[in-house]
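*Asks:* Structure file final17.cif (mmCIF, C-alpha atoms) right here:
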```
data_input
#
loop_
_atom_site.label_atom_id
_atom_site.label_comp_id
_atom_site.auth_asym_id
_atom_site.auth_seq_id
_atom_site.Cartn_x
_atom_site.Cartn_y
_atom_site.Cartn_z
CA MET H 1 126.09 127.79 75.88
CA ILE H 2 124.21 129.35 78.79
CA LEU H 3 121.36 126.88 78.37
CA TRP H 4 123.76 123.94 78.38
CA LEU H 5 125.31 125.29 81.58
CA ILE H 6 121.85 125.54 83.18
CA ALA H 7 121.01 122.03 82.00
CA ALA H 8 124.24 120.71 83.59
CA ILE H 9 123.49 122.47 86.89
CA VAL H 10 119.94 121.11 86.83
CA LEU H 11 121.28 117.60 86.22
CA VAL H 12 123.67 117.87 89.18
CA ILE H 13 120.84 119.12 91.42
CA LEU H 14 118.59 116.31 90.16
CA VAL H 15 121.18 113.62 90.93
CA TYR H 16 121.76 115.13 94.40
CA LEU H 17 118.05 115.24 95.20
CA LEU H 18 117.49 111.70 93.96
CA TRP H 19 120.34 110.57 96.19
CA LYS H 20 118.69 112.37 99.10
CA ILE H 21 115.35 110.71 98.36
CA VAL H 22 116.74 107.19 98.57
CA GLN H 23 118.34 108.07 101.91
CA VAL H 24 115.74 107.53 104.60
CA PRO H 25 116.15 108.08 108.33
CA SER H 26 116.87 105.10 110.55
CA ILE H 27 115.23 104.18 113.81
CA SER H 28 116.37 101.92 116.61
CA VAL H 29 114.25 100.46 119.40
CA SER H 30 114.81 98.38 122.51
CA THR H 31 113.05 97.36 125.71
CA ASP H 32 114.37 97.74 129.24
CA LYS H 33 114.29 93.97 129.76
CA SER H 34 114.03 90.87 127.62
CA LEU H 35 111.83 88.85 129.98
CA TYR H 36 108.62 90.08 131.60
CA ASP H 37 105.76 88.82 133.67
CA ARG H 38 102.06 89.60 133.19
CA THR H 39 100.96 93.07 134.44
CA GLU H 40 104.57 94.26 134.28
CA THR H 41 105.33 97.49 132.45
CA VAL H 42 107.49 97.31 129.35
CA THR H 43 109.56 100.45 128.79
CA ILE H 44 110.26 100.99 125.12
CA THR H 45 113.00 103.41 124.07
CA GLY H 46 114.65 104.26 120.80
CA VAL H 47 116.36 106.88 118.69
CA LEU H 48 115.50 108.42 115.32
CA ILE H 49 118.41 109.72 113.26
CA ASP H 50 118.67 111.13 109.75
CA GLN H 51 120.91 109.88 106.94
CA ASN H 52 123.82 111.87 108.42
CA SER H 53 123.32 110.32 111.87
CA ASN H 54 121.94 113.58 113.27
CA PRO H 55 119.12 113.18 115.83
CA MET H 56 115.69 114.14 114.50
CA GLU H 57 113.66 116.17 116.97
CA GLY H 58 109.90 116.61 117.08
CA LYS H 59 109.03 113.68 114.83
CA THR H 60 106.09 111.38 115.44
CA VAL H 61 106.89 107.72 116.11
CA SER H 62 104.18 105.06 115.78
CA ILE H 63 104.50 102.02 118.02
CA ALA H 64 102.75 98.64 118.00
CA VAL H 65 103.21 95.51 120.08
CA THR H 66 102.35 92.23 118.39
CA PRO H 67 101.67 89.28 120.72
CA PRO H 68 102.41 85.69 119.70
CA VAL H 69 98.66 85.15 119.16
CA GLY H 70 95.82 87.61 118.71
CA ASP H 71 95.60 91.20 117.59
CA ALA H 72 98.40 93.73 117.88
CA TYR H 73 98.29 96.51 120.47
CA SER H 74 98.57 100.02 119.00
CA LEU H 75 100.24 102.39 121.41
CA SER H 76 99.71 106.14 121.34
CA PRO H 77 102.24 107.82 119.04
CA VAL H 78 105.14 109.56 120.76
CA THR H 79 107.33 112.50 119.74
CA THR H 80 111.11 112.46 119.58
CA GLY H 81 113.12 114.76 121.84
CA VAL H 82 116.12 116.96 121.06
CA ASP H 83 118.39 113.92 121.06
CA GLY H 84 116.08 112.09 118.66
CA GLY H 85 115.10 109.76 121.48
CA PHE H 86 111.63 108.56 122.26
CA SER H 87 110.12 106.54 125.06
CA ALA H 88 106.86 104.72 125.67
CA SER H 89 105.56 102.29 128.22
CA TRP H 90 103.07 99.48 127.91
CA GLU H 91 101.60 97.32 130.64
CA ILE H 92 101.25 93.68 129.73
CA PRO H 93 97.59 92.69 130.27
CA ASP H 94 96.91 90.10 132.94
CA ASP H 95 95.34 87.80 130.34
CA ALA H 96 98.17 88.22 127.84
CA ALA H 97 99.33 85.15 125.98
CA GLY H 98 102.76 83.82 126.83
CA GLY H 99 105.57 83.77 124.28
CA THR H 100 107.50 86.20 122.14
CA TYR H 101 106.18 89.71 121.59
CA THR H 102 107.39 92.00 118.81
CA VAL H 103 107.65 95.75 119.29
CA SER H 104 107.47 97.60 115.96
CA VAL H 105 108.20 101.29 115.49
CA ALA H 106 107.93 103.52 112.42
CA SER H 107 108.61 107.15 111.58
CA LEU H 108 109.16 108.99 108.30
CA GLY H 109 109.44 105.74 106.37
CA ALA H 110 111.99 104.22 108.75
CA THR H 111 111.02 101.08 110.62
CA GLY H 112 112.52 99.09 113.45
CA SER H 113 111.59 96.23 115.74
CA THR H 114 112.69 94.28 118.77
CA THR H 115 111.30 91.34 120.73
CA PHE H 116 110.75 90.38 124.33
CA THR H 117 109.36 87.33 126.08
CA GLN H 118 106.40 87.10 128.39
CA SER H 119 107.61 84.61 130.96
CA LYS H 120 104.25 83.14 131.98
CA TRP H 121 104.58 81.05 128.86
CA ILE H 122 107.67 79.35 130.29
CA ILE H 123 106.04 78.87 133.70
CA GLU H 124 102.88 77.43 132.11
CA GLU H 125 104.93 75.12 129.90
CA LEU H 126 106.88 73.92 132.93
CA GLY H 127 103.58 73.41 134.74
CA VAL H 128 102.22 71.27 131.91
CA TRP H 129 105.41 69.21 131.75
CA SER H 130 105.53 68.72 135.52
CA ALA H 131 101.88 67.57 135.43
CA ILE H 132 102.69 65.12 132.60
CA LEU H 133 105.77 63.80 134.33
CA GLY H 134 103.92 63.58 137.61
CA MET A 1 98.76 110.04 98.67
CA GLN A 2 95.84 112.02 99.99
CA LEU A 3 94.46 115.10 98.17
CA ILE A 4 96.17 117.50 100.57
CA GLN A 5 99.50 115.75 99.93
CA TRP A 6 99.03 116.00 96.16
CA LEU A 7 98.18 119.70 96.53
CA ARG A 8 101.38 120.24 98.50
CA PHE A 9 103.34 118.24 95.89
CA PHE A 10 102.07 120.25 92.92
CA SER A 11 102.35 123.59 94.69
CA ILE A 12 106.06 122.88 95.29
CA VAL A 13 106.57 121.97 91.62
CA LEU A 14 104.66 125.08 90.51
CA THR A 15 106.61 127.29 92.89
CA ALA A 16 109.89 125.90 91.56
CA ILE A 17 108.84 126.62 87.96
CA ILE A 18 107.53 130.13 88.60
CA SER A 19 110.37 131.22 90.86
CA GLY A 20 112.88 129.72 88.44
CA LEU A 21 111.38 131.62 85.51
CA VAL A 22 111.34 134.90 87.45
CA VAL A 23 114.94 134.51 88.63
CA PHE A 24 116.11 133.50 85.15
CA MET A 25 114.25 136.44 83.59
CA ALA A 26 115.75 138.93 86.03
CA TRP A 27 119.23 137.45 85.68
CA SER A 28 119.20 137.33 81.87
CA ARG A 29 117.91 140.91 81.59
CA ARG A 30 120.54 142.14 84.00
CA ARG A 31 123.24 140.36 82.00
CA HIS A 32 121.66 141.46 78.68
CA ILE A 33 121.59 137.82 77.55
CA TYR A 34 117.91 137.55 76.81
CA GLY A 35 115.93 140.72 76.26
CA PRO A 36 112.12 140.68 75.95
CA GLN A 37 112.53 140.38 72.17
CA ASP A 38 114.50 137.13 72.55
CA TRP A 39 111.87 135.22 74.50
CA SER A 40 110.28 132.50 72.44
CA TRP A 41 107.80 129.78 73.30
CA GLY A 42 110.56 127.23 72.76
CA LEU A 43 112.77 128.92 75.33
CA ILE A 44 109.90 129.21 77.82
CA ALA A 45 108.98 125.54 77.34
CA PHE A 46 112.62 124.55 77.84
CA LEU A 47 112.85 126.56 81.05
CA ILE A 48 109.55 125.19 82.37
CA ILE A 49 110.79 121.64 81.77
CA MET A 50 114.14 122.42 83.38
CA PHE A 51 112.67 124.01 86.49
CA GLY A 52 109.99 121.31 86.59
CA VAL A 53 112.74 118.72 86.60
CA VAL A 54 114.12 120.47 89.68
CA GLY A 55 110.69 120.88 91.28
CA VAL A 56 109.55 117.26 90.99
CA PRO A 57 112.44 115.73 92.99
CA LEU A 58 112.13 118.60 95.47
CA ALA A 59 108.45 117.76 95.94
CA MET A 60 109.25 114.04 96.14
CA TYR A 61 111.87 114.72 98.80
CA ASP A 62 109.37 116.87 100.67
CA SER A 63 106.66 114.21 100.51
CA VAL A 64 109.06 111.61 101.92
CA THR A 65 110.39 113.73 104.75
CA TYR A 66 107.44 115.97 105.64
CA ASP A 67 105.83 114.94 108.90
CA TRP A 68 102.09 115.09 108.42
CA GLY A 69 101.42 114.43 112.07
CA GLU A 70 98.26 112.44 112.45
CA GLN A 71 97.44 109.92 109.76
CA ILE A 72 94.69 111.00 107.42
CA VAL A 73 92.32 108.10 106.83
CA SER A 74 89.88 108.05 103.94
CA VAL A 75 88.84 104.43 103.95
CA PRO A 76 85.19 103.96 103.09
CA ALA A 77 83.48 102.95 106.30
CA SER A 78 79.94 102.53 107.43
CA GLY A 79 78.24 101.19 110.50
CA LEU A 80 75.72 101.80 113.22
CA VAL A 81 76.04 104.38 115.94
CA LEU A 82 76.23 103.14 119.52
CA SER A 83 75.51 105.71 122.22
CA GLY A 84 76.73 108.44 119.92
CA GLU A 85 80.00 106.63 119.26
CA ALA A 86 80.63 105.47 115.70
CA VAL A 87 82.97 102.71 114.64
CA SER A 88 86.18 104.03 113.23
CA PHE A 89 88.97 102.12 111.59
CA GLY A 90 91.92 102.40 109.25
CA ILE A 91 93.41 99.98 106.76
CA TYR A 92 97.19 99.86 106.57
CA TRP A 93 100.04 97.90 105.06
CA ASP A 94 101.95 97.84 108.35
CA VAL A 95 101.25 97.04 112.00
CA THR A 96 102.34 100.52 113.08
CA ALA A 97 99.53 102.01 110.97
CA THR A 98 101.70 104.45 109.06
CA ASN A 99 101.12 103.37 105.44
CA ALA A 100 97.43 103.56 104.58
CA VAL A 101 96.12 101.19 101.92
CA THR A 102 94.84 103.35 99.09
CA HIS A 103 95.29 100.93 96.21
CA ILE A 104 95.79 97.19 95.89
CA GLU A 105 97.89 95.91 93.03
CA TRP A 106 96.99 92.26 92.46
CA GLY A 107 99.64 91.76 89.79
CA GLU A 108 99.46 88.88 87.37
CA ILE A 109 97.20 85.99 88.32
CA GLU A 110 97.24 82.73 86.39
CA VAL A 111 93.88 81.42 85.21
CA GLY A 112 92.52 79.00 87.78
CA SER A 113 94.76 80.30 90.57
CA SER A 114 94.70 83.12 93.10
CA ALA A 115 96.60 86.05 94.55
CA SER A 116 96.66 87.08 98.19
CA ILE A 117 97.59 90.18 100.13
CA GLU A 118 97.81 90.92 103.84
CA ILE A 119 96.64 94.17 105.36
CA TRP A 120 96.26 95.51 108.88
CA ILE A 121 92.96 96.82 110.15
CA LYS A 122 93.25 99.12 113.14
CA ASN A 123 90.26 99.79 115.36
CA GLU A 124 90.49 103.54 115.94
CA GLY A 125 87.11 103.84 117.60
CA PRO A 126 85.84 103.24 121.12
CA VAL A 127 83.80 100.11 120.38
CA ASP A 128 84.48 96.57 119.15
CA LEU A 129 84.90 96.26 115.41
CA TYR A 130 83.86 93.67 112.85
CA CYS A 131 84.74 94.26 109.21
CA GLN A 132 83.44 92.80 106.00
CA ALA A 133 84.65 93.50 102.49
CA PHE A 134 82.65 93.65 99.29
CA TRP A 135 83.44 94.71 95.78
CA ILE A 136 81.29 97.33 94.13
CA GLU A 137 79.71 95.54 91.21
CA ASP A 138 79.42 98.66 89.06
CA SER A 139 83.11 99.42 89.53
CA TRP A 140 84.29 96.40 87.55
CA ASP A 141 86.20 97.09 84.40
CA PRO A 142 85.54 95.33 82.10
CA PRO A 143 81.90 95.39 83.18
CA GLY A 144 80.58 91.99 84.16
CA ALA A 145 84.03 90.49 84.70
CA ASP A 146 83.18 89.91 88.36
CA VAL A 147 81.49 86.61 87.46
CA PHE A 148 84.94 85.15 86.82
CA PHE A 149 86.39 86.23 90.17
CA THR A 150 85.92 85.27 93.82
CA MET A 151 87.20 87.35 96.70
CA ILE A 152 87.88 85.76 100.08
CA TRP A 153 88.08 88.09 103.06
CA ASP A 154 89.56 86.31 106.08
CA PHE A 155 88.78 88.58 109.02
CA GLY A 156 89.36 85.92 111.65
CA GLU A 157 87.51 85.17 114.85
CA GLY A 158 85.82 87.75 117.05
CA PRO A 159 85.97 91.53 117.02
CA ILE A 160 89.00 93.80 117.00
CA LYS A 161 89.10 95.51 120.37
CA PRO A 162 89.54 99.31 120.50
CA GLY A 163 93.12 100.39 119.98
CA ARG A 164 94.20 97.09 118.50
CA ALA A 165 95.13 96.03 114.99
CA ARG A 166 94.55 92.76 113.14
CA ARG A 167 96.29 91.22 110.16
CA VAL A 168 93.64 90.30 107.59
CA SER A 169 94.25 88.37 104.42
CA VAL A 170 92.39 89.03 101.20
CA SER A 171 92.52 86.58 98.33
CA LEU A 172 91.30 86.88 94.78
CA PHE A 173 90.57 83.72 92.77
CA VAL A 174 90.35 83.71 88.98
CA ASP A 175 87.90 81.26 87.46
CA GLN A 176 89.23 78.56 85.13
CA ASP A 177 86.59 79.50 82.54
CA ILE A 178 87.51 83.19 82.29
CA THR A 179 87.40 84.58 78.76
CA ASP A 180 88.13 87.94 77.14
CA VAL A 181 89.58 89.46 80.30
CA THR A 182 93.29 90.32 80.28
CA ASP A 183 93.37 93.06 82.87
CA PHE A 184 90.82 94.23 85.39
CA TYR A 185 89.93 96.93 87.85
CA PHE A 186 87.43 97.06 90.66
CA THR A 187 86.83 98.82 93.95
CA ILE A 188 86.63 97.09 97.32
CA GLU A 189 84.48 98.59 100.02
CA VAL A 190 85.16 97.65 103.63
CA HIS A 191 82.25 97.95 106.02
CA GLY A 192 82.86 98.25 109.74
CA ASP A 193 80.30 97.54 112.41
CA TYR A 194 80.23 96.86 116.12
CA ILE A 195 77.73 94.05 115.61
CA PRO A 196 78.97 90.66 114.31
CA PRO A 197 77.93 89.95 110.73
CA SER A 198 74.90 87.70 110.54
#
```
Once more with this new file: its structure as C-alpha cells, please.

*Replies:*
Amino acid sequence: MILWLIAAIVLVILVYLLWKIVQVPSISVSTDKSLYDRTETVTITGVLIDQNSNPMEGKTVSIAVTPPVGDAYSLSPVTTGVDGGFSASWEIPDDAAGGTYTVSVASLGATGSTTFTQSKWIIEELGVWSAILG
Amino acid sequence: MQLIQWLRFFSIVLTAIISGLVVFMAWSRRRHIYGPQDWSWGLIAFLIIMFGVVGVPLAMYDSVTYDWGEQIVSVPASGLVLSGEAVSFGIYWDVTATNAVTHIEWGEIEVGSSASIEIWIKNEGPVDLYCQAFWIEDSWDPPGADVFFTMIWDFGEGPIKPGRARRVSVSLFVDQDITDVTDFYFTIEVHGDYIPPS
C-alpha cells in the first residue's frame, strides 16, 4: 500500500516536471525605429519572461543581425536586468547593403526576431530608376 | 551536451536517488514500516527506479533552464597562427550561436539522391576565417562505405570576418551503385584557417 502511494506521488511529480520541461521562457525584441540610414545606431531592446510571465533577471541573451546579403553580425551577449529587459546597440556599417535586416535573439531556448530596413536601398533604387527614366 | 553538462545531469540524478533512499530509510524506520530485516534487493531496486524516475526529469529541467553563461565550443579546429593569434570558430544550428552542432542526423537518403543541412559558422577569433570540411576516412562505419558517398561543403565566397557568422550548407550524395550499406556513420572534421584554401 505504501509503495503504491509512493508510486502515485512519483507519477504526479513526473507529470508536473514534464509539463515544466515543455514550458520554455519567451523573449520579445524590437528596434527603436523601423527605417535607418548607414552609420546610424540601431537600439535593440527586449524582454525575457518565464512561463508564468515573470521577468527573468541575470540571463544571457545572444543577439545577431542578419543583413539581406552577406554574413550575419554577432553582437556581444547582453544580460537581462531585474525587469527581464535587455538592450544592445549596433552601428550600421557605412558599406552595409541596403534592404531588410533581421535581428535575432536567443536565451534559454527561447528565440525571437524582428526586422528593420536600411534606407539606402530605397534611395539607391530610386537613383537607378531616375537614371533609367532620365 | 558537453561533458560538464552530462556530469551535472548525472550528479542530479544520483543525488535524487541517494537522498530519496536516505529519506525513505529514515522515514520507514521512524514509522516502523521497514526495519533493517525487511530490506530486500527487490525493494532497493524499486526505490532506485522510483527516485531515478524523479531525478531524470529534474535533471532534464535543470539542463533546459540552467544558464551556462559562455558557450562551450568543442569543434575540432586547426589552422596556422598569425602573430600569436589563432583562428577560432564555432559551428551552430542557429544564427545567434546558442545551439552548438555536436551531431548531424542525415536521416533517410534515397539511393541516387542527397540530403542537405544548413549550419552557421561563427568566426570567434580576431582574424579572417576560411573553413573546409573533410570526413575522417577511418571513421566510416561500415568501413569503406565512403566510396559510395560524396560530401559537398558550400562555404561561399571570401572569408568570414571576425565577429560574423555565415550560413553554410552541407550536402551528402549517395551513389546509385551503393550496395550492402543500409545505415552509416562517419565523422566530419572542419578545418579553419586564415589563409584561403588553395

*Asks:* Pick from A:Ile195, A:Val168, A:Leu58, A:Ile12: nearest to chain H, with all atoms listed in the file counted?

*Replies:*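 Nearest candidate to chain H out of A:Ile195, A:Val168, A:Leu58, A:Ile12: A:Leu58.
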
*Asks:* Quick check on the file I pasted: which residues fall under the PyMOL selection byres ((chain H) within 6 of (chain A))? Write them as a tab-separated table (two decimals) with C-alpha atoms, in the frame of the given file.

*Replies:*
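As a result, out-v5.tsv now contains:
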```tsv
chain	number	residue	atom	x	y	z
H	21	ILE	CA	115.35	110.71	98.36
H	62	SER	CA	104.18	105.06	115.78
H	63	ILE	CA	104.50	102.02	118.02
H	64	ALA	CA	102.75	98.64	118.00
H	71	ASP	CA	95.60	91.20	117.59
H	72	ALA	CA	98.40	93.73	117.88
H	73	TYR	CA	98.29	96.51	120.47
H	74	SER	CA	98.57	100.02	119.00
```

*Asks:* Please provide as a list of chain:residue names all residues within 10 Å of Ala97 in chain H, with the sequence filter that same-chain residues fewer than 5 positions apart are discarded (counting all atoms listed in the file).

*Replies:*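 Once the nearby chain positions are removed, what remains is H:Arg38, H:Pro67, H:Pro68, H:Val69, H:Gly70, H:Ile92, H:Gln118, H:Ser119, H:Lys120, H:Trp121.
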
*Asks:* Running the PyMOL selection byres ((chain H and resi 31-37) around 8) on this model by hand, what would come out? Give it as number ranges by chain.

*Replies:* H: 29-30, 38-40, 42-45, 92, 114-120

*Asks:* Include C-alpha atoms and write out the residues we just selected as a PDB file, in the frame of the given file.

*Replies:*
```
ATOM      1  CA  VAL H  29     114.250 100.460 119.400  1.00  0.00           C
ATOM      2  CA  SER H  30     114.810  98.380 122.510  1.00  0.00           C
ATOM      3  CA  ARG H  38     102.060  89.600 133.190  1.00  0.00           C
ATOM      4  CA  THR H  39     100.960  93.070 134.440  1.00  0.00           C
ATOM      5  CA  GLU H  40     104.570  94.260 134.280  1.00  0.00           C
ATOM      6  CA  VAL H  42     107.490  97.310 129.350  1.00  0.00           C
ATOM      7  CA  THR H  43     109.560 100.450 128.790  1.00  0.00           C
ATOM      8  CA  ILE H  44     110.260 100.990 125.120  1.00  0.00           C
ATOM      9  CA  THR H  45     113.000 103.410 124.070  1.00  0.00           C
ATOM     10  CA  ILE H  92     101.250  93.680 129.730  1.00  0.00           C
ATOM     11  CA  THR H 114     112.690  94.280 118.770  1.00  0.00           C
ATOM     12  CA  THR H 115     111.300  91.340 120.730  1.00  0.00           C
ATOM     13  CA  PHE H 116     110.750  90.380 124.330  1.00  0.00           C
ATOM     14  CA  THR H 117     109.360  87.330 126.080  1.00  0.00           C
ATOM     15  CA  GLN H 118     106.400  87.100 128.390  1.00  0.00           C
ATOM     16  CA  SER H 119     107.610  84.610 130.960  1.00  0.00           C
ATOM     17  CA  LYS H 120     104.250  83.140 131.980  1.00  0.00           C
TER      18      LYS H 120
END
```

*Asks:* Give me the residues near range 111-115 of chain A as number ranges by chain, where near means some atom within 7 Å (using all atoms listed in the file) and where sequence neighbours in that chain fewer than 4 positions away do not count.

*Replies:* A: 106, 171-176

*Asks:* Using the chain letters and numbering of this document, enumerate as a ChimeraX atom specification the residues selected by the PyMOL selection byres ((chain A and resi 151) around 9).

*Replies:* /A:133-135,149-150,152-153,170-173

*Asks:* For CA of Ile17 in chain A and CA of Ile48 in chain A, determine how far apart the two atoms are, in Å to one decimal place.

*Replies:*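 The value is 5.8 Å.
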
*Asks:* Could you tell me how far CA of Pro126 in chain A sits from CA of His191 in chain A, in Å to one decimal place?

*Replies:* 16.4 Å

*Asks:* Quote the spacing between CA of Tyr92 in chain A and CA of Pro25 in chain H in Å to one decimal place.

*Replies:*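 Computing it gives 20.7 Å between the two atoms.
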
*Asks:* Could you name the residues that touch Ala110 in chain H at 10 Å or less, counting all atoms listed in the file, but leaving out those on the same chain fewer than 4 positions away, as a list in words?

*Replies:*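 In the requested format, the answer is Val24, Pro25, Ser26, Ile27, Ser28, Leu48, Ile49, Asp50, Val61, Val105 and Ala106 of chain H.
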
*Asks:* With distances taken over all atoms listed in the file, which of H:Ser113, H:Thr100, H:Thr80, H:Ser87 is nearest to Lys59 in chain H?

*Replies:* H:Thr80

*Asks:* Measuring atom to atom with only C-alpha atoms, identify which of A:His32, A:Gly192, A:Phe184, A:Ser139 is nearest to Phe89 in chain A.

*Replies:*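 Between A:His32, A:Gly192, A:Phe184, A:Ser139, the residue approaching Phe89 in chain A most closely is A:Gly192.
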
*Asks:* Given the choices H:Met56, H:Ile6, H:Val12, H:Val65, which gets closest to Gly112 in chain H if the distance is worked out from only C-alpha atoms?

*Replies:* H:Val65

*Asks:* Take range 95-120 of chain A, model N, CA and C atoms, and hand the result over as a compact mmCIF listing (two decimals), in the frame of the given file.

*Replies:*
```txt
# COMPACT_ATOMS: atom_id res chain seq x y z
N VAL A 95 101.83 97.14 110.66
CA VAL A 95 101.25 97.04 112.00
C VAL A 95 101.28 98.37 112.73
N THR A 96 102.24 99.23 112.40
CA THR A 96 102.34 100.52 113.08
C THR A 96 101.36 101.56 112.51
N ALA A 97 100.59 101.15 111.54
CA ALA A 97 99.53 102.01 110.97
C ALA A 97 100.07 103.32 110.42
N THR A 98 101.14 103.23 109.65
CA THR A 98 101.70 104.45 109.06
C THR A 98 101.49 104.51 107.55
N ASN A 99 101.33 103.37 106.90
CA ASN A 99 101.12 103.37 105.44
C ASN A 99 99.69 102.92 105.14
N ALA A 100 98.83 103.88 104.85
CA ALA A 100 97.43 103.56 104.58
C ALA A 100 97.30 102.85 103.23
N VAL A 101 96.38 101.90 103.19
CA VAL A 101 96.12 101.19 101.92
C VAL A 101 95.18 102.06 101.08
N THR A 102 95.68 102.54 99.98
CA THR A 102 94.84 103.35 99.09
C THR A 102 94.60 102.65 97.77
N HIS A 103 95.43 101.66 97.48
CA HIS A 103 95.29 100.93 96.21
C HIS A 103 95.91 99.55 96.39
N ILE A 104 95.25 98.56 95.84
CA ILE A 104 95.79 97.19 95.89
C ILE A 104 96.18 96.77 94.48
N GLU A 105 97.42 96.39 94.32
CA GLU A 105 97.89 95.91 93.03
C GLU A 105 97.95 94.39 93.10
N TRP A 106 97.05 93.72 92.39
CA TRP A 106 96.99 92.26 92.46
C TRP A 106 98.07 91.60 91.61
N GLY A 107 98.60 92.33 90.66
CA GLY A 107 99.64 91.76 89.79
C GLY A 107 99.05 90.76 88.82
N GLU A 108 99.90 89.88 88.35
CA GLU A 108 99.46 88.88 87.37
C GLU A 108 98.95 87.63 88.10
N ILE A 109 97.77 87.20 87.72
CA ILE A 109 97.20 85.99 88.32
C ILE A 109 96.94 84.99 87.21
N GLU A 110 97.46 83.79 87.38
CA GLU A 110 97.24 82.73 86.39
C GLU A 110 95.77 82.30 86.43
N VAL A 111 95.25 81.94 85.28
CA VAL A 111 93.88 81.42 85.21
C VAL A 111 93.77 80.18 86.09
N GLY A 112 92.74 80.14 86.91
CA GLY A 112 92.52 79.00 87.78
C GLY A 112 93.29 79.08 89.10
N SER A 113 94.02 80.17 89.31
CA SER A 113 94.76 80.30 90.57
C SER A 113 94.34 81.59 91.29
N SER A 114 95.11 81.96 92.30
CA SER A 114 94.70 83.12 93.10
C SER A 114 95.89 83.97 93.50
N ALA A 115 95.58 85.16 93.98
CA ALA A 115 96.60 86.05 94.55
C ALA A 115 96.11 86.49 95.91
N SER A 116 97.04 86.68 96.84
CA SER A 116 96.66 87.08 98.19
C SER A 116 97.49 88.27 98.66
N ILE A 117 96.87 89.08 99.48
CA ILE A 117 97.59 90.18 100.13
C ILE A 117 97.25 90.16 101.62
N GLU A 118 98.10 90.79 102.40
CA GLU A 118 97.81 90.92 103.84
C GLU A 118 97.80 92.39 104.21
N ILE A 119 96.76 92.79 104.93
CA ILE A 119 96.64 94.17 105.36
C ILE A 119 96.38 94.20 106.87
N TRP A 120 96.54 95.35 107.45
CA TRP A 120 96.26 95.51 108.88
C TRP A 120 95.06 96.42 109.04
```
